[in-house]
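Colleague: data03.pdb is the file, holding PDB, C-alpha atoms:
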ATOM      1  CA  MET T 447      78.775 -53.143 -32.466
ATOM      2  CA  ARG T 448      79.603 -49.412 -32.452
ATOM      3  CA  ASN T 449      83.277 -50.118 -31.663
ATOM      4  CA  LEU T 450      83.468 -52.724 -34.416
ATOM      5  CA  THR T 451      82.057 -50.252 -36.954
ATOM      6  CA  ALA T 452      84.729 -47.715 -35.984
ATOM      7  CA  PHE T 453      87.319 -50.479 -36.311
ATOM      8  CA  VAL T 454      86.193 -51.246 -39.864
ATOM      9  CA  LEU T 455      86.326 -47.555 -40.828
ATOM     10  CA  VAL T 456      89.843 -47.193 -39.455
ATOM     11  CA  LEU T 457      90.944 -50.379 -41.210
ATOM     12  CA  ALA T 458      89.488 -49.113 -44.471
ATOM     13  CA  ALA T 459      91.392 -45.842 -44.066
ATOM     14  CA  LEU T 460      94.616 -47.797 -43.587
ATOM     15  CA  GLY T 461      94.016 -49.750 -46.751
ATOM     16  CA  VAL T 462      93.541 -46.561 -48.759
ATOM     17  CA  VAL T 463      96.675 -44.919 -47.352
ATOM     18  CA  GLY T 464      98.863 -47.962 -47.921
ATOM     19  CA  CYS T 465      97.853 -48.902 -51.414
ATOM     20  CA  CYS T 466      98.088 -45.551 -53.118
ATOM     21  CA  LYS T 467     101.483 -43.996 -52.327
ATOM     22  CA  GLY T 468     104.465 -44.679 -54.553
ATOM     23  CA  LYS T 469     102.571 -47.042 -56.866
ATOM     24  CA  SER T 470     104.611 -48.543 -59.670
ATOM     25  CA  SER T 471     103.174 -50.117 -62.795
ATOM     26  CA  SER T 472     104.637 -53.549 -62.110
ATOM     27  CA  SER T 473     103.269 -53.838 -58.580
ATOM     28  CA  GLU T 474      99.865 -55.015 -59.726
ATOM     29  CA  SER T 475     101.086 -57.637 -62.174
ATOM     30  CA  SER T 476     103.834 -59.354 -60.204
ATOM     31  CA  PRO T 477     103.004 -60.453 -56.673
ATOM     32  CA  LEU T 478     105.856 -60.641 -54.182
ATOM     33  CA  SER T 479     107.389 -64.059 -53.859
ATOM     34  CA  THR T 480     109.196 -64.902 -50.653
ATOM     35  CA  THR T 481     110.735 -68.014 -52.197
ATOM     36  CA  THR T 482     112.842 -66.153 -54.755
ATOM     37  CA  PRO T 483     116.199 -65.227 -53.247
ATOM     38  CA  ILE T 484     117.231 -61.623 -53.743
ATOM     39  CA  SER T 485     120.873 -60.883 -54.405
ATOM     40  CA  SER T 486     122.555 -58.949 -51.629
ATOM     41  CA  THR T 487     124.649 -57.142 -54.268
ATOM     42  CA  LYS T 488     121.536 -55.564 -55.745
ATOM     43  CA  SER T 489     121.675 -51.808 -56.405
ATOM     44  CA  LYS T 490     119.857 -49.286 -54.264
ATOM     45  CA  THR T 491     117.460 -48.669 -57.161
ATOM     46  CA  ALA T 492     116.621 -52.377 -57.402
ATOM     47  CA  GLN T 493     116.145 -52.594 -53.635
ATOM     48  CA  CYS T 494     113.907 -49.519 -53.680
ATOM     49  CA  LYS T 495     111.788 -51.031 -56.434
ATOM     50  CA  GLU T 496     111.508 -54.282 -54.469
ATOM     51  CA  MET T 497     110.429 -52.472 -51.313
ATOM     52  CA  ILE T 498     107.958 -50.185 -53.093
ATOM     53  CA  ASP T 499     106.495 -53.121 -55.024
ATOM     54  CA  ALA T 500     106.181 -55.084 -51.784
ATOM     55  CA  ILE T 501     104.394 -52.229 -50.009
ATOM     56  CA  ASN T 502     102.053 -51.735 -52.961
ATOM     57  CA  THR T 503     101.355 -55.448 -53.400
ATOM     58  CA  LYS T 504     100.769 -55.967 -49.694
ATOM     59  CA  GLY T 505      98.707 -52.762 -49.602
ATOM     60  CA  LYS T 506      96.458 -54.221 -52.284
ATOM     61  CA  THR T 507      96.230 -57.555 -50.432
ATOM     62  CA  VAL T 508      95.393 -55.771 -47.180
ATOM     63  CA  SER T 509      92.861 -53.537 -48.927
ATOM     64  CA  ASN T 510      91.111 -56.576 -50.470
ATOM     65  CA  ALA T 511      91.060 -58.331 -47.085
ATOM     66  CA  LEU T 512      89.631 -55.193 -45.478
ATOM     67  CA  ASP T 513      86.937 -54.963 -48.147
ATOM     68  CA  LYS T 514      86.019 -58.600 -47.541
ATOM     69  CA  PHE T 515      85.971 -57.987 -43.798
ATOM     70  CA  GLY T 516      83.891 -54.832 -44.284
ATOM     71  CA  ASN T 517      81.290 -56.830 -46.227
ATOM     72  CA  SER T 518      81.253 -59.683 -43.713
ATOM     73  CA  LYS T 519      79.188 -60.211 -40.586
ATOM     74  CA  LYS T 520      82.360 -59.357 -38.613
ATOM     75  CA  THR T 521      82.344 -62.550 -36.624
ATOM     76  CA  LYS T 522      85.362 -63.914 -34.789
ATOM     77  CA  ALA T 523      86.065 -66.107 -37.826
ATOM     78  CA  ASP T 524      86.022 -63.015 -40.066
ATOM     79  CA  SER T 525      88.430 -61.205 -37.717
ATOM     80  CA  ASP T 526      90.691 -64.248 -37.589
ATOM     81  CA  ALA T 527      90.726 -64.501 -41.408
ATOM     82  CA  LEU T 528      91.690 -60.828 -41.670
ATOM     83  CA  ALA T 529      94.400 -61.304 -39.059
ATOM     84  CA  ALA T 530      95.791 -64.326 -40.947
ATOM     85  CA  THR T 531      96.011 -62.299 -44.174
ATOM     86  CA  LEU T 532      97.765 -59.490 -42.316
ATOM     87  CA  ASP T 533     100.190 -61.924 -40.655
ATOM     88  CA  THR T 534     101.084 -63.449 -44.038
ATOM     89  CA  ALA T 535     101.639 -60.033 -45.613
ATOM     90  CA  ALA T 536     103.781 -58.980 -42.649
ATOM     91  CA  ASP T 537     105.963 -62.073 -42.900
ATOM     92  CA  GLN T 538     106.452 -61.605 -46.652
ATOM     93  CA  VAL T 539     107.626 -58.016 -46.195
ATOM     94  CA  LYS T 540     109.953 -59.029 -43.378
ATOM     95  CA  ALA T 541     111.466 -61.757 -45.570
ATOM     96  CA  LEU T 542     112.761 -59.266 -48.149
ATOM     97  CA  ASP T 543     116.528 -59.348 -48.498
ATOM     98  CA  LEU T 544     117.387 -55.660 -48.336
ATOM     99  CA  PRO T 545     121.023 -54.908 -47.521
ATOM    100  CA  ASP T 546     120.353 -51.153 -47.550
ATOM    101  CA  PRO T 547     119.950 -50.319 -43.832
ATOM    102  CA  THR T 548     117.241 -47.698 -44.392
ATOM    103  CA  LEU T 549     115.140 -50.042 -46.501
ATOM    104  CA  LYS T 550     115.726 -52.980 -44.142
ATOM    105  CA  SER T 551     114.590 -50.804 -41.244
ATOM    106  CA  ALA T 552     111.488 -49.741 -43.214
ATOM    107  CA  ALA T 553     110.668 -53.391 -44.009
ATOM    108  CA  ILE T 554     110.924 -54.309 -40.325
ATOM    109  CA  GLU T 555     108.765 -51.318 -39.360
ATOM    110  CA  TYR T 556     106.187 -52.279 -41.994
ATOM    111  CA  HIS T 557     106.181 -55.873 -40.720
ATOM    112  CA  ASN T 558     105.689 -54.681 -37.136
ATOM    113  CA  MET T 559     102.883 -52.353 -38.228
ATOM    114  CA  LEU T 560     101.027 -55.172 -40.020
ATOM    115  CA  ASP T 561     101.643 -57.448 -37.044
ATOM    116  CA  LYS T 562     100.124 -54.851 -34.716
ATOM    117  CA  LEU T 563      97.170 -54.463 -37.075
ATOM    118  CA  ALA T 564      96.677 -58.252 -37.118
ATOM    119  CA  THR T 565      96.642 -58.281 -33.320
ATOM    120  CA  ALA T 566      94.085 -55.465 -33.339
ATOM    121  CA  ALA T 567      91.941 -57.430 -35.817
ATOM    122  CA  LYS T 568      92.042 -60.462 -33.517
ATOM    123  CA  ASP T 569      91.140 -58.310 -30.508
ATOM    124  CA  ALA T 570      88.321 -56.449 -32.260
ATOM    125  CA  ASN T 571      85.811 -59.116 -31.237
ATOM    126  CA  SER T 572      87.153 -59.663 -27.768
ATOM    127  CA  PRO T 573      84.482 -59.956 -25.092
ATOM    128  CA  VAL T 574      86.762 -57.827 -22.918
ATOM    129  CA  THR T 575      85.890 -54.167 -23.459
ATOM    130  CA  SER T 576      89.364 -52.933 -22.540
ATOM    131  CA  LYS T 577      90.908 -55.222 -25.166
ATOM    132  CA  ARG T 578      88.534 -53.927 -27.852
ATOM    133  CA  THR T 579      89.267 -50.334 -26.839
ATOM    134  CA  LYS T 580      93.026 -50.931 -26.946
ATOM    135  CA  ALA T 581      92.682 -52.498 -30.405
ATOM    136  CA  LEU T 582      90.879 -49.422 -31.711
ATOM    137  CA  ASN T 583      93.418 -47.076 -30.115
ATOM    138  CA  ASP T 584      96.289 -49.070 -31.610
ATOM    139  CA  LEU T 585      94.816 -48.526 -35.064
ATOM    140  CA  ASP T 586      95.376 -44.765 -34.858
ATOM    141  CA  THR T 587      99.062 -45.418 -34.237
ATOM    142  CA  VAL T 588      99.214 -47.970 -37.042
ATOM    143  CA  ILE T 589      97.840 -45.521 -39.610
ATOM    144  CA  LYS T 590     100.364 -42.843 -38.630
ATOM    145  CA  THR T 591     103.159 -45.427 -38.722
ATOM    146  CA  GLU T 592     102.216 -46.608 -42.214
ATOM    147  CA  SER T 593     102.285 -43.101 -43.622
ATOM    148  CA  THR T 594     105.657 -42.416 -42.001
ATOM    149  CA  ILE T 595     107.154 -45.635 -43.417
ATOM    150  CA  VAL T 596     105.908 -44.944 -46.941
ATOM    151  CA  ASP T 597     107.248 -41.386 -46.788
ATOM    152  CA  LYS T 598     110.601 -42.650 -45.492
ATOM    153  CA  VAL T 599     110.913 -45.134 -48.359
ATOM    154  CA  ASN T 600     109.830 -42.564 -50.952
ATOM    155  CA  ILE T 601     112.329 -39.993 -49.677
ATOM    156  CA  HIS T 602     115.157 -42.515 -49.462
ATOM    157  CA  CYS T 603     114.404 -43.800 -52.942
ATOM    158  CA  GLY T 604     113.936 -40.361 -54.469
ATOM    159  CA  ALA T 605     110.230 -40.833 -55.237
ATOM    160  CA  ILE T 606     109.330 -37.525 -53.562
TER     161      ILE T 606
END
I need this file expressed as structure tokens, please.
Modeller:
Amino acid sequence: MRNLTAFVLVLAALGVVGCCKGKSSSSESSPLSTTTPISSTKSKTAQCKEMIDAINTKGKTVSNALDKFGNSKKTKADSDALAATLDTAADQVKALDLPDPTLKSAAIEYHNMLDKLATAAKDANSPVTSKRTKALNDLDTVIKTESTIVDKVNIHCGAI
């Protein structure tokens, strides 16, 4: 139970870091749609807005899922539900059509970070102590990765 509590605290910290940097006013009102094709001739500014909106929207989704998980009994089903939300968010970010190589790289990194977090969520209730420990250790890396990705996007897009 002690390890699971630490897991929840680390997850909550990730949600706060991800949802607050580079927030734009439209990110809360227009959720990311992976079915709308994005023109590959889009300007850098448009691509930056798309990426920042995606990070903010997914940050909000992840934060809400973490809140729900934090208020749950933290059963395997709760961990699996959190992991499913994280997997969906990861896939939506990866699906962005971003011709700009820096933004494309950031989207892939963000996808991989959410994927790693989803794996950690699934492993948080593992009966194998080493698996639980690895999941908690992975979270430290995930938080650092998220901050680095957001900073990279903000610098590239001129938000800093």
Colleague: Could you work out how far atom CA of T:Val599 lies from atom CA of T:Ala500, giving the answer in Å with one decimal?
Modeller: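 If I compute the distance from atom CA of T:Ala500 to atom CA of T:Val599, I get 11.5 Å.
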Colleague: Could you give me, as a list in words, the residues within 9 Å of T:Lys490, counting only C-alpha atoms and dropping anything in the same chain fewer than 4 positions from it?
Modeller: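 The filter keeps Cys494, Lys495, Pro545, Asp546 and Cys603 of chain T.
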Colleague: Show which residues sit within 10 Å of T:Ala581, as a VMD selection string. Count only C-alpha atoms, and ignore same-chain residues fewer than 2 positions away.
Modeller: chain T and resid 449 453 562 to 572 575 to 579 583 to 586
Colleague: Please build the interface table for stretch 485-512 of chain T against stretch 516-520 of chain T with a cut-off of 12 Å, listing for each qualifying residue the nearest atom pair and the distance in Å to one decimal; count all atoms listed in the file, order rows by chain and increasing number, and write it as JSON lines.
Modeller:
{"residue": "T:Val508", "atom": "CA", "partner": "T:Gly516", "partner_atom": "CA", "distance": 11.9}
{"residue": "T:Ser509", "atom": "CA", "partner": "T:Gly516", "partner_atom": "CA", "distance": 10.2}
{"residue": "T:Asn510", "atom": "CA", "partner": "T:Gly516", "partner_atom": "CA", "distance": 9.7}
{"residue": "T:Ala511", "atom": "CA", "partner": "T:Gly516", "partner_atom": "CA", "distance": 8.5}
{"residue": "T:Leu512", "atom": "CA", "partner": "T:Gly516", "partner_atom": "CA", "distance": 5.9}
Colleague: Within 6 Å of stretch 548-557 of chain T, counting all atoms listed in the file, which residues qualify if same-chain residues fewer than 2 places away don't, as a PyMOL selection string?
Modeller: chain T and resi 536+539-540+544+546+559-560+595
Colleague: For T:Asp499, which of T:Ala529, T:Leu542, T:Ala523, T:Leu582 is the closest residue, counting all atoms listed in the file?
Modeller: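 Result for the nearest residue to T:Asp499: T:Leu542.
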Colleague: Between atom CA of T:Ile601 and atom CA of T:Ala492, what is the distance in Å, rounded to a tenth?
Modeller: 15.2 Å
Colleague: Will you model N, CA and C atoms for stretch 587-603 of chain T and pass it back as a CSV table (one decimal), in the coordinates of the input?
Modeller:
chain,number,residue,atom,x,y,z
T,587,THR,N,97.6,-45.4,-34.2
T,587,THR,CA,99.1,-45.4,-34.2
T,587,THR,C,99.5,-46.1,-35.5
T,588,VAL,N,98.8,-47.2,-35.9
T,588,VAL,CA,99.2,-48.0,-37.0
T,588,VAL,C,99.1,-47.1,-38.3
T,589,ILE,N,98.0,-46.4,-38.4
T,589,ILE,CA,97.8,-45.5,-39.6
T,589,ILE,C,98.9,-44.5,-39.7
T,590,LYS,N,99.3,-43.8,-38.6
T,590,LYS,CA,100.4,-42.8,-38.6
T,590,LYS,C,101.7,-43.5,-39.0
T,591,THR,N,101.9,-44.7,-38.5
T,591,THR,CA,103.2,-45.4,-38.7
T,591,THR,C,103.3,-45.8,-40.2
T,592,GLU,N,102.2,-46.2,-40.8
T,592,GLU,CA,102.2,-46.6,-42.2
T,592,GLU,C,102.6,-45.4,-43.1
T,593,SER,N,102.0,-44.3,-42.8
T,593,SER,CA,102.3,-43.1,-43.6
T,593,SER,C,103.7,-42.7,-43.5
T,594,THR,N,104.3,-42.8,-42.3
T,594,THR,CA,105.7,-42.4,-42.0
T,594,THR,C,106.6,-43.4,-42.7
T,595,ILE,N,106.3,-44.6,-42.7
T,595,ILE,CA,107.2,-45.6,-43.4
T,595,ILE,C,107.2,-45.4,-44.9
T,596,VAL,N,106.0,-45.2,-45.5
T,596,VAL,CA,105.9,-44.9,-46.9
T,596,VAL,C,106.7,-43.7,-47.3
T,597,ASP,N,106.5,-42.6,-46.5
T,597,ASP,CA,107.2,-41.4,-46.8
T,597,ASP,C,108.8,-41.6,-46.7
T,598,LYS,N,109.2,-42.4,-45.7
T,598,LYS,CA,110.6,-42.6,-45.5
T,598,LYS,C,111.2,-43.4,-46.7
T,599,VAL,N,110.5,-44.4,-47.2
T,599,VAL,CA,110.9,-45.1,-48.4
T,599,VAL,C,110.9,-44.2,-49.6
T,600,ASN,N,109.9,-43.4,-49.8
T,600,ASN,CA,109.8,-42.6,-51.0
T,600,ASN,C,111.0,-41.5,-50.9
T,601,ILE,N,111.2,-41.0,-49.8
T,601,ILE,CA,112.3,-40.0,-49.7
T,601,ILE,C,113.7,-40.7,-49.9
T,602,HIS,N,113.9,-41.8,-49.3
T,602,HIS,CA,115.2,-42.5,-49.5
T,602,HIS,C,115.4,-42.9,-50.9
T,603,CYS,N,114.3,-43.3,-51.6
T,603,CYS,CA,114.4,-43.8,-52.9
T,603,CYS,C,114.3,-42.7,-54.0
